[in-house]
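Only one structure is covered here, and it is reproduced in the block below.
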There are 2 protein chains.
Amino acid sequence: MTKYSKQSRFLIAVDCIVFGFDGETLKLLLIKRSFNPEKDKWSLMGGFVQATESLDQAANRILKQLTGLEGVYLEQMYSFGETNRDPIERTISVSYFALVDIHKYEKQISTDFHAEWVPLKRIPKLIFDHQEMVELAKKSIRYKAALHPILFELLPSRFTLPQLQNLYESVFNTSIDKRNFSKRVLATGLLIKLTDKDKAGSKRGAYYYQLNMQKYYANFQAFINIIPNPDSLQN
Amino acid sequence: MTKYSKQSRFLIAVDCIVFGFDGETLKLLLIKRSFNPEKDKWSLMGGFVQATESLDQAANRILKQLTGLEGVYLEQMYSFGETNRDPIERTISVSYFALVDIHKYEKQISTDFHAEWVPLKRIPKLIFDHQEMVELAKKSIRYKAALHPILFELLPSRFTLPQLQNLYESVFNTSIDKRNFSKRVLATGLLIKLTDKDKAGSKRGAYYYQLNMQKYYANFQAFINIIPNPDSLQN
DNA sequence: ATTATTGGTGTGATCTCTACACTATTACCA
DNA sequence: TGGTAATAGTGTAGAGATCACACCAATAAT
């Protein structure tokens with residue numbers, strides 16, 4: 001058997017861009033790096049791929065180790081391979097983005113781990129090319145959310161239309177007419193109206209909805225049409 | 001300075017799925033592998049990333065070395081990292097897809113190199129997980145072409161509407177009303193009608209068109225709408 | 001001159017999208 | 001306890017987009 005003996009071998013990292021939504025603001029989960037180089041600088045959730053695990057497994061493991069998060073929406077985004085992106089040793093990074101219901105994990109994350117939710121508008125300087133990864137992730141989530149119902153992954157299992165609209169408006173940095181928004185959203189057939197209301201956000205209270213999981217999984221790759229004038233998505 | 005001394009290092013490959021269109025049929029460029037393992041089996045265009053080059057540079061170099069192709073549309077698609085995907089030694093593969101005007105390169109490829117254009121419908125068994133890469137590439141090109149004008153990259157600089165329609169019908173495996181097709185395509189404003197005709201395909205002859213490169217580059221990320229009922233894209 | 005072949009064009013019906021404004025509910029406070 | 005402030009919820013009409021559909025035009029070959 002031949003070996004590929006003459007070829008170079010490289011470190012492979014996985015970096016995760018973790019999005020969360022608290023009902024008000026889109027946030028990213030960042031961490032203070034615990035090892036050199038760039039110790040104590042802000043960083044995405046990252047780590048090296050081990051010999052025994054696939055890329056997806058590595059992404060899930062790293063997310064779990066650094067934050068306790070498990071079973072969340074996680075999707076491979078892009079691989080970064082500039083030769084000098086890590087100053088110590090050449091490392092290829094396979095980036096993933098994750099969408100998380102922020103409430104499910106909020107306490108857990110800040111107590112057990114040293115990760116923090118930071119508003120997307122106030123991301124500090126990050127190590128290496130993580131800034132670039134964040135920019136791409138913002139673009140990717142917008143692009144995908146304009147076509148597919150991924151944003152539900154950011155919400156609790158019961159949510160109101162105003163919350164949902166708020167989320168869409170945050171992601172697309174726009175404002176949407178609520179009459180048209182509700183028509184579009186309900187037309188997808190993805191939502192089930194519940195009988196009780198969320199009284200927290202208003203005096204009148206807003207009806208809770210939940211996803212029709214059947215349809216959600218069945219239609220995940222079909223196009224939806226929630227954003228008006230999707231042509232003009234600004235990057 | 002710390003080193004990442006305890007971590008595993010891996011081979012990184014780049015594999016390119018190269019699409020071409022001869023006016024009739026969508027094809028992939030395949031190659032008979034010239035080295036072990038799996039020597040003489042059909043394979044995508046692939047090679048190892050060198051220490052001195054980025055992923056994009058590696059993809060371009062490999063394409064050039066194996067086929068002579070240069071300056072073609074090339075886009076990173078996905079990274080494959082199952083631990084056993086290469087039986088000799090663990091290798092992470094970063095896949096790219098390329099879109100090529102087949103006529104520009106047809107002779108060059110078959111004489112100088114040992115690559116061959118194979119109709120997409122008749123792809124032979126491929127090594128490793130290359131089959132899976134091809135499937136993903138088919139999906140990706142369809143997905144992207146439903147939204148963006150990438151398919152022009154497969155055509156010569158002067159082309160006719162029937163040729164273009166034929167290409168769309170091949171990619172989406174559907175048939176489109178030609179009146180509606182021409183309206184949609186012309187409505188994009190991307191095409192410039194020329195004064196001469198292609199007499200090869202018919203007695204009457206069909207007008208040549210060329211891309212308005214200004215608008216093409218300016219609107220590349222905007223959504224276009226050429227496929228009727230894009231919802232029902234089958235994977 | 002006839003025929004066969006492919007290219008090119010327009011309209012009306014239906015559906016979708018958009019813009020737009022008022023009433024309902026209730027917590028809170030005077 | 002009545003009033004007020006704040007948010008939730010709903011319908012319609014005009015414009016625009018999409019779709020289905022059929023005929024004439026050009027010309028090479030016979």
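Every chain in the structure tokens has a letter given in the order shown (A, B, ...), and although residue numbers restart at 1 in each chain, ligands are simply numbered from 1 in the order shown.
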
10 Å contacts from chain A to chain C using only C-alpha atoms (C1' of nucleotides), as an NGL selection string: :A and (177 or 179-180 or 199 or 202-205 or 228-229)

DSSP helix (DSSP H, G or I) residues within region 13-174 of chain B, as a ChimeraX atom specification: /B:55-67,102-112,120-122,130-147,150-154,161-172

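All residues in region 73-141 of chain B with a DSSP state of strand (DSSP E), computed from the backbone, read Tyr73, Leu74, Glu75, Gln76, Met77, Tyr78, Ser79, Phe80, Thr91, Ile92, Ser93, Val94, Ser95, Tyr96, Phe97, Ala98, Leu99, Val100, Ala115, Glu116, Trp117, Val118 and Pro119 of chain B.
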
Non-local contacts of Gln50 (chain B) (12 Å; only C-alpha atoms (C1' of nucleotides); under 4 positions in same chain excluded) as a VMD selection string: (chain A and resid 6 to 10 81 to 83 90 92) or (chain B and resid 10 to 14 54 to 59 61 to 62)

Expected file: the selected residues, N, CA and C atoms, as a tab-separated table (two decimals), in the first residue's frame:
chain	number	residue	atom	x	y	z
A	6	LYS	N	4.82	12.15	1.30
A	6	LYS	CA	5.48	13.43	1.02
A	6	LYS	C	4.63	14.65	1.32
A	7	GLN	N	3.38	14.42	1.64
A	7	GLN	CA	2.48	15.57	1.76
A	7	GLN	C	2.54	16.21	3.14
A	8	SER	N	2.20	17.51	3.17
A	8	SER	CA	2.13	18.24	4.44
A	8	SER	C	0.85	17.92	5.17
A	9	ARG	N	0.95	17.94	6.47
A	9	ARG	CA	-0.23	17.74	7.31
A	9	ARG	C	-0.47	18.98	8.15
A	10	PHE	N	-1.74	19.24	8.44
A	10	PHE	CA	-2.09	20.51	9.08
A	10	PHE	C	-3.04	20.30	10.25
A	81	GLY	N	-8.79	28.96	5.07
A	81	GLY	CA	-7.49	28.32	4.94
A	81	GLY	C	-6.33	29.22	4.54
A	82	GLU	N	-6.42	30.50	4.83
A	82	GLU	CA	-5.26	31.35	4.54
A	82	GLU	C	-4.07	30.81	5.33
A	83	THR	N	-2.91	30.88	4.71
A	83	THR	CA	-1.75	30.21	5.30
A	83	THR	C	-1.35	30.81	6.65
A	90	ARG	N	0.18	26.85	11.00
A	90	ARG	CA	-0.90	26.87	10.02
A	90	ARG	C	-2.04	25.97	10.48
A	92	ILE	N	-6.19	25.08	9.40
A	92	ILE	CA	-7.39	25.28	8.59
A	92	ILE	C	-8.59	25.22	9.52
B	10	PHE	N	-3.47	16.66	9.96
B	10	PHE	CA	-4.14	15.85	8.93
B	10	PHE	C	-3.79	16.32	7.53
B	11	LEU	N	-3.92	15.40	6.61
B	11	LEU	CA	-3.85	15.76	5.21
B	11	LEU	C	-5.10	16.54	4.83
B	12	ILE	N	-4.90	17.56	4.01
B	12	ILE	CA	-6.04	18.32	3.48
B	12	ILE	C	-6.04	18.19	1.97
B	13	ALA	N	-7.14	17.70	1.45
B	13	ALA	CA	-7.28	17.63	-0.01
B	13	ALA	C	-8.25	18.69	-0.49
B	14	VAL	N	-8.12	19.00	-1.76
B	14	VAL	CA	-9.14	19.80	-2.43
B	14	VAL	C	-9.69	18.93	-3.55
B	54	SER	N	-3.12	28.79	0.08
B	54	SER	CA	-4.44	28.80	0.70
B	54	SER	C	-5.32	27.75	0.02
B	55	LEU	N	-6.51	27.54	0.56
B	55	LEU	CA	-7.43	26.56	-0.02
B	55	LEU	C	-7.81	26.97	-1.45
B	56	ASP	N	-8.14	28.24	-1.61
B	56	ASP	CA	-8.52	28.71	-2.95
B	56	ASP	C	-7.37	28.55	-3.93
B	57	GLN	N	-6.19	28.89	-3.48
B	57	GLN	CA	-5.02	28.73	-4.35
B	57	GLN	C	-4.82	27.26	-4.72
B	58	ALA	N	-4.99	26.39	-3.75
B	58	ALA	CA	-4.83	24.96	-4.03
B	58	ALA	C	-5.85	24.51	-5.06
B	59	ALA	N	-7.09	24.96	-4.90
B	59	ALA	CA	-8.13	24.55	-5.85
B	59	ALA	C	-7.78	25.00	-7.26
B	61	ARG	N	-4.79	25.77	-8.43
B	61	ARG	CA	-3.60	25.07	-8.91
B	61	ARG	C	-3.95	23.67	-9.40
B	62	ILE	N	-4.72	22.96	-8.62
B	62	ILE	CA	-5.06	21.59	-8.97
B	62	ILE	C	-5.84	21.54	-10.27

Chain B contacts on chain D, only C-alpha atoms (C1' of nucleotides), 6 Å, as a PyMOL selection string: chain D and resi 26-28

Which residue of A:Ser43, A:Gln65, A:Ser93, A:Gln108 approaches chain B most closely, using only C-alpha atoms: A:Ser93

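Computed from the coordinates, the CA of Lys39 (chain B) to CA of Ala137 (chain B) distance equals 23.8 Å.
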
If we count only C-alpha atoms (C1' of nucleotides), what is near region 168-174 of chain A at a cut-off of 10 Å, once residues fewer than 3 positions away on the same chain are taken out, given as a PDB file with C-alpha atoms, in the first residue's frame?
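Wrote selection-v4.pdb, looks like this:
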ATOM      1  CA  PHE A  21     -32.106  35.883  20.488  1.00  0.00           C
ATOM      2  CA  GLY A  23     -36.661  38.585  22.426  1.00  0.00           C
ATOM      3  CA  GLU A  24     -35.040  41.957  21.889  1.00  0.00           C
ATOM      4  CA  THR A  25     -31.608  41.605  20.437  1.00  0.00           C
ATOM      5  CA  LEU A  26     -29.634  39.191  18.345  1.00  0.00           C
ATOM      6  CA  LEU A 120     -24.389  41.488  17.460  1.00  0.00           C
ATOM      7  CA  LYS A 138     -24.378  37.234   9.519  1.00  0.00           C
ATOM      8  CA  LYS A 139     -24.665  37.093   5.763  1.00  0.00           C
ATOM      9  CA  ILE A 141     -28.049  33.457   8.388  1.00  0.00           C
ATOM     10  CA  ARG A 142     -29.801  36.287   6.567  1.00  0.00           C
ATOM     11  CA  TYR A 143     -29.546  34.545   3.264  1.00  0.00           C
ATOM     12  CA  ALA A 145     -33.534  32.817   6.713  1.00  0.00           C
ATOM     13  CA  ALA A 146     -34.884  34.692   3.705  1.00  0.00           C
ATOM     14  CA  LEU A 151     -35.153  31.403  12.653  1.00  0.00           C
ATOM     15  CA  PHE A 152     -37.592  29.342  14.682  1.00  0.00           C
ATOM     16  CA  PRO A 162     -44.838  39.920  17.876  1.00  0.00           C
ATOM     17  CA  GLN A 163     -41.768  38.039  19.144  1.00  0.00           C
ATOM     18  CA  LEU A 164     -41.343  36.326  15.821  1.00  0.00           C
ATOM     19  CA  GLN A 165     -41.719  39.556  13.921  1.00  0.00           C
ATOM     20  CA  PHE A 181     -46.205  39.729   8.363  1.00  0.00           C
ATOM     21  CA  ILE A 226     -41.535  35.979   4.700  1.00  0.00           C
ATOM     22  CA  ILE A 227     -39.324  38.890   3.867  1.00  0.00           C
ATOM     23  CA  PRO A 228     -40.753  41.547   1.556  1.00  0.00           C
ATOM     24  CA  PRO A 230     -35.812  39.882  -0.566  1.00  0.00           C
ATOM     25  CA  LEU A 233     -30.983  42.099   1.159  1.00  0.00           C
ATOM     26  CA  GLN A 234     -28.008  44.168   2.015  1.00  0.00           C
ATOM     27  CA  ASN A 235     -24.839  42.342   2.906  1.00  0.00           C
TER      28      ASN A 235
END
